[in-house]
2 protein chains.
Amino acid sequence: MLTIDLIHEARERIWRFVHRTPVLTSRAFDERAGREVFFKCENFQRAGAFKMRGATNRIRALTDGERERGVVAFSSGNHAQAVAVASRDAGVRARIAMPSDAPRAKVEATKGYGAEVVFYDRRRDDREQVARDLAAESGAVLVPPYDDYLVMAGQGTCAMELFEEVTDLDALALPFGGGGLFAGASVAAKALSPRVECFAVEPEAGDDARQSFLKGERVKIDPPETIADGARPQSPGELTFPLLQRNAADVLTVSDAEIVEAMKFLLLRLKVLVEPTGALPAAAALFGKLPPNVRRVGVVLSGGNVDADTLASLIAPPNDNA
Amino acid sequence: MLTIDLIHEARERIWRFVHRTPVLTSRAFDERAGREVFFKCENFQRAGAFKMRGATNRIRALTDGERERGVVAFSSGNHAQAVAVASRDAGVRARIAMPSDAPRAKVEATKGYGAEVVFYDRRRDDREQVARDLAAESGAVLVPPYDDYLVMAGQGTCAMELFEEVTDLDALALPFGGGGLFAGASVAAKALSPRVECFAVEPEAGDDARQSFLKGERVKIDPPETIADGARPQSPGELTFPLLQRNAADVLTVSDAEIVEAMKFLLLRLKVLVEPTGALPAAAALFGKLPPNVRRVGVVLSGGNVDADTLASLIAPPNDNA
């Protein structure tokens with residue numbers, strides 16, 4: 001089970017290896033959003049996303065025997081980089097199954113960090129099976145991207161840091177992909193700041209969490225088409241979904257256009273680069289999706305890994321020019 | 001004269017109105033630079049640059065009579081925005097003389113902050129004369145961009161914050177435009193951390209500070225063509241130059257191509273948007289311009305105000321595409 005004790009233990013285990021990321025505020029953003037927003041900048045985290053926390057917590061908890069056999073992971077991106085960096089830090093071999101259409105920057109970064117990348121076809125292969133086969137071959141330990149209590153506990157440490165720095169929050173807004181960040185952060189919130197309402201935010205086109213939350217059971221959707229590539233899981237995790245049910249005040253959705261607007265505002269006004277998935281909760285705050293009673297909200301900018309080309313096209317779409 | 005006491009007073013006067021900006025580190029940058037770099041993120045400062053510190057210090061020191069008559073400033077950009085915001089904060093009228101070819105984003109931002117913009121021709125008019133005429137008409141106080149001890153003292157507070165947070169620095173690397181930031185920061189360094197060597201960094205094409213430093217007198221160059229629009233003054237300031245002579249270990253230059261590379265690295269790896277002038281010292285660190293004995297260096301990322309179009313073209317120049 002995921003408890004606050006597990007998150008405290010994670011903090012103790014990982015703090016030497018991860019950044020304590022800053023919290024930024026912006027009067028310009030607050031004016032547009034009509035509320036006070038506190039940005040926890042996990043885009044400045046090592047390997048560019050909060051995923052470094054969970055991966056480090058899992059890998060630093062390996063037994064000596066497990067360390068020798070190494071780790072395996074499947075990921076469309078940030079989790080892969082995090083497992084690669086955390087493994088290199090710990091001197092552990094890592095093999096990562098990635099979809100062949102994963103963003104180039106993420107594939108290159110993962111290799112650059114010393115991990116082996118094994119490609120699979122996102123439409124044909126079952127990525128979990130690919131990773132399980134790799135693990136079975138070598139006796140390596142599978143590090144799942146979210147459905148693992150040690151991984152979730154690691155992600156929860158970012159909310160713990162936020163509550164230490166900012167008091168009197170009414171709400172916490174979190175991107176929801178597989179649900180690991182939401183699970184860890186919402187458990188931390190309920191224990192450390194029980195008044196805080198937790199909102200999960202996902203792209204309109206990939207609203208599996210919202211459908212599941214409303215129906216009371218895990219709904220599987222078709223592979224969603226959205227620029228928020230970290231929010232492409234087709235259903236909430238088996239272990240994360242009960243925590244969404246228990247801890248979420250609501251599940252909100254934003255359009256891809258709203259995500260792009262939020263990214264631009266964060267980049268040009270706050271001067272921070274946030275990837276589409278990382279901008280989900282900022283978009284919710286900017287476009288009035290939060291209830292009016294939320295005056296002070298913590299927003300996790302969960303990651304900042306964007307290709308240069310993707311970034312250029314987002315900022316100035318070619319068809320915008322004469 | 002510019003003393004550490006004046007900087008302490010500035011800190012006391014302005015801290016409620018400016019951000020204490022975070023210090024970021026990056027192992028990826030350190031590996032490329034071959035040293036430990038501590039980035040003081042003044043691009044996250046209010047109005048997007050350190051200029052907010054000096055403008056606030058000057059404007060908060062106005063007498064009641066001066067407050068009623070308002071302020072006037074001349075600026076190619078960040079100083080204008082800073083004077084506009086600091087004036088609005090203080091309830092003081094501001095009129096700003098800007099060149100007609102100033103970046104659009106900067107003009108719009110200045111107006112958006114409630115200041116009146118008066119355009120002049122950068123090649124035909126003397127901007128100081130334009131501003132002096134405006135001041136004479138109305139009895140307003142001129143807030144110079146750098147040649148003013150209160151302005152310099154305000155800029156120095158960012159180095160003060162850095163020394164509180166990071167100890168044992170060997171060096172401080174600062175962009176040099178007119179010299180206000182260098183003046184304030186180097187006086188803070190000599191008083192608070194005397195071992196620190198101070199390096200000024202300017203664009204190759206606009207090396208008026210380097211020429212002046214080597215010759216021992218203020219050299220005036222032709223209007224320089226460089227993307228570092230904050231480093232276009234044609235000579236160091238009258239009041240800032242003696243502090244450059246006294247406090248600089250050296251004046252370094254970087255090419256525009258090196259500036260762009262540094263901006264890209266900061267954006268795509270550190271996830272922070274820095275404008276060309278703001279990237280000068282980071283470029284010096286990245287491209288081996290600092291002496292080898294500098295192991296730990298503080299780098300001020302002085303500003304982050306970039307047009308969306310300029311940014312897009314820097315990230316993916318049109319002629320790079322097929």
# chains A, B, ... in the order shown; residues from 1 in each chain; ligands from 1

call {"tool": "closest_atom_pairs", "arguments": {"of": "segment 10-124 of chain A", "to": "segment 228-246 of chain A", "cutoff": "9 Å", "atoms": "only C-alpha atoms", "output": "Markdown table"}}
result
| residue | atom | partner | partner_atom | distance |
| --- | --- | --- | --- | --- |
| A:Ser76 | CA | A:Gly230 | CA | 7.2 |
| A:Gly77 | CA | A:Gly230 | CA | 7.5 |
| A:Asn78 | CA | A:Gly230 | CA | 7.9 |
| A:Ala102 | CA | A:Asp229 | CA | 8.8 |
| A:Pro103 | CA | A:Asp229 | CA | 8.9 |

call {"tool": "select_by_dssp", "arguments": {"residues": "segment 122-203 of chain A", "states": "strand (DSSP E)", "output": "PyMOL selection string"}}
result
chain A and resi 141-142+171-175+197-203

call {"tool": "closest_residue", "arguments": {"among": "A:Pro99, A:Gly156, A:Gly288, A:Gly112", "to": "chain B", "atoms": "only C-alpha atoms"}}
result
A:Gly112

call {"tool": "closest_atom_pairs", "arguments": {"of": "chain A", "to": "chain B", "cutoff": "7 Å", "atoms": "only C-alpha atoms", "output": "Markdown table"}}
result
| residue | atom | partner | partner_atom | distance |
| --- | --- | --- | --- | --- |
| A:Pro22 | CA | B:Pro22 | CA | 6.6 |
| A:Asn43 | CA | B:Lys271 | CA | 6.8 |
| A:Phe44 | CA | B:Leu270 | CA | 6.4 |
| A:Leu267 | CA | B:Leu273 | CA | 6.8 |
| A:Leu270 | CA | B:Phe44 | CA | 6.4 |
| A:Lys271 | CA | B:Leu273 | CA | 4.7 |
| A:Val272 | CA | B:Val272 | CA | 4.8 |
| A:Leu273 | CA | B:Lys271 | CA | 4.7 |
| A:Gly304 | CA | B:Lys271 | CA | 6.1 |
| A:Ala308 | CA | B:Ile315 | CA | 6.3 |
| A:Asp309 | CA | B:Ala316 | CA | 6.5 |
| A:Ala312 | CA | B:Ala312 | CA | 4.9 |
| A:Ile315 | CA | B:Ala312 | CA | 6.2 |
| A:Ala316 | CA | B:Ala312 | CA | 6.2 |

call {"tool": "write_last_selection", "arguments": {"atoms": "N, CA and C atoms", "output": "PDB file, in the first residue's frame"}}
result
ATOM      1  N   PRO A  22      12.989  24.409  -7.623  1.00  0.00           N
ATOM      2  CA  PRO A  22      12.423  25.650  -7.093  1.00  0.00           C
ATOM      3  C   PRO A  22      10.916  25.769  -7.347  1.00  0.00           C
ATOM      4  N   ASN A  43      10.325  20.362 -14.284  1.00  0.00           N
ATOM      5  CA  ASN A  43      11.021  20.406 -15.573  1.00  0.00           C
ATOM      6  C   ASN A  43      12.517  20.683 -15.369  1.00  0.00           C
ATOM      7  N   PHE A  44      12.881  21.246 -14.210  1.00  0.00           N
ATOM      8  CA  PHE A  44      14.310  21.455 -13.891  1.00  0.00           C
ATOM      9  C   PHE A  44      14.912  20.236 -13.180  1.00  0.00           C
ATOM     10  N   LEU A 267       6.659  29.756 -21.462  1.00  0.00           N
ATOM     11  CA  LEU A 267       7.959  29.982 -22.084  1.00  0.00           C
ATOM     12  C   LEU A 267       8.266  31.471 -22.217  1.00  0.00           C
ATOM     13  N   LEU A 270       7.109  33.309 -18.302  1.00  0.00           N
ATOM     14  CA  LEU A 270       7.823  32.800 -17.120  1.00  0.00           C
ATOM     15  C   LEU A 270       9.236  32.348 -17.468  1.00  0.00           C
ATOM     16  N   LYS A 271       9.536  32.242 -18.773  1.00  0.00           N
ATOM     17  CA  LYS A 271      10.869  31.853 -19.245  1.00  0.00           C
ATOM     18  C   LYS A 271      11.223  30.413 -18.904  1.00  0.00           C
ATOM     19  N   VAL A 272      10.214  29.546 -18.770  1.00  0.00           N
ATOM     20  CA  VAL A 272      10.491  28.143 -18.495  1.00  0.00           C
ATOM     21  C   VAL A 272       9.930  27.268 -19.607  1.00  0.00           C
ATOM     22  N   LEU A 273      10.739  26.297 -20.023  1.00  0.00           N
ATOM     23  CA  LEU A 273      10.325  25.365 -21.064  1.00  0.00           C
ATOM     24  C   LEU A 273       9.638  24.166 -20.408  1.00  0.00           C
ATOM     25  N   GLY A 304      10.124  18.895 -18.936  1.00  0.00           N
ATOM     26  CA  GLY A 304      10.485  19.915 -19.912  1.00  0.00           C
ATOM     27  C   GLY A 304      11.177  19.364 -21.146  1.00  0.00           C
ATOM     28  N   ALA A 308      13.823  20.218 -30.355  1.00  0.00           N
ATOM     29  CA  ALA A 308      13.987  21.571 -30.888  1.00  0.00           C
ATOM     30  C   ALA A 308      12.991  21.829 -32.026  1.00  0.00           C
ATOM     31  N   ASP A 309      12.806  20.861 -32.912  1.00  0.00           N
ATOM     32  CA  ASP A 309      11.897  21.051 -34.048  1.00  0.00           C
ATOM     33  C   ASP A 309      10.453  21.204 -33.587  1.00  0.00           C
ATOM     34  N   ALA A 312      10.043  24.610 -32.095  1.00  0.00           N
ATOM     35  CA  ALA A 312       9.978  25.677 -33.097  1.00  0.00           C
ATOM     36  C   ALA A 312       8.607  25.708 -33.759  1.00  0.00           C
ATOM     37  N   ILE A 315       5.949  27.178 -31.374  1.00  0.00           N
ATOM     38  CA  ILE A 315       6.059  28.613 -31.142  1.00  0.00           C
ATOM     39  C   ILE A 315       5.590  29.400 -32.347  1.00  0.00           C
ATOM     40  N   ALA A 316       6.014  28.977 -33.522  1.00  0.00           N
ATOM     41  CA  ALA A 316       5.648  29.692 -34.741  1.00  0.00           C
ATOM     42  C   ALA A 316       5.257  28.669 -35.797  1.00  0.00           C
TER      43      ALA A 316
END

call {"tool": "closest_residue", "arguments": {"among": "B:Pro145, B:Ala90, B:Glu42, B:Val130", "to": "Asp64 of chain B", "atoms": "only C-alpha atoms"}}
result
B:Ala90

call {"tool": "closest_residue", "arguments": {"among": "B:Asp207, B:Asp125, B:Glu164, B:Glu202", "to": "Pro276 of chain B", "atoms": "only C-alpha atoms"}}
result
B:Glu202

call {"tool": "select_by_dssp", "arguments": {"residues": "segment 153-292 of chain A", "states": "helix (DSSP H, G or I)", "output": "JSON, numbers by chain"}}
result
{"A": [153, 154, 155, 156, 157, 158, 159, 160, 161, 162, 163, 164, 165, 180, 181, 182, 183, 184, 185, 186, 187, 188, 189, 190, 191, 192, 204, 205, 206, 208, 209, 210, 211, 212, 213, 214, 215, 229, 230, 231, 241, 242, 243, 244, 245, 246, 247, 256, 257, 258, 259, 260, 261, 262, 263, 264, 265, 266, 267, 268, 277, 278, 279, 280, 281, 282, 283, 284, 285, 286]}

call {"tool": "closest_residue", "arguments": {"among": "A:Glu128, A:Asp5, A:Glu197, A:Asp256", "to": "Ile227 of chain A", "atoms": "only C-alpha atoms"}}
result
A:Asp256

call {"tool": "closest_residue", "arguments": {"among": "A:Leu169, A:Ala262, A:Ala82, A:Val18", "to": "Glu36 of chain A", "atoms": "only C-alpha atoms"}}
result
A:Leu169

call {"tool": "closest_residue", "arguments": {"among": "B:Gly206, B:Pro144, B:Gly114, B:Gly184", "to": "Ile7 of chain B", "atoms": "only C-alpha atoms"}}
result
B:Gly184

call {"tool": "residues_around", "arguments": {"residues": "Arg32 of chain B", "least_positions_apart": "6", "cutoff": "10 Å", "atoms": "only C-alpha atoms", "output": "list in words"}}
result
Ala285, Leu286, Phe287 and Gly288 of chain B
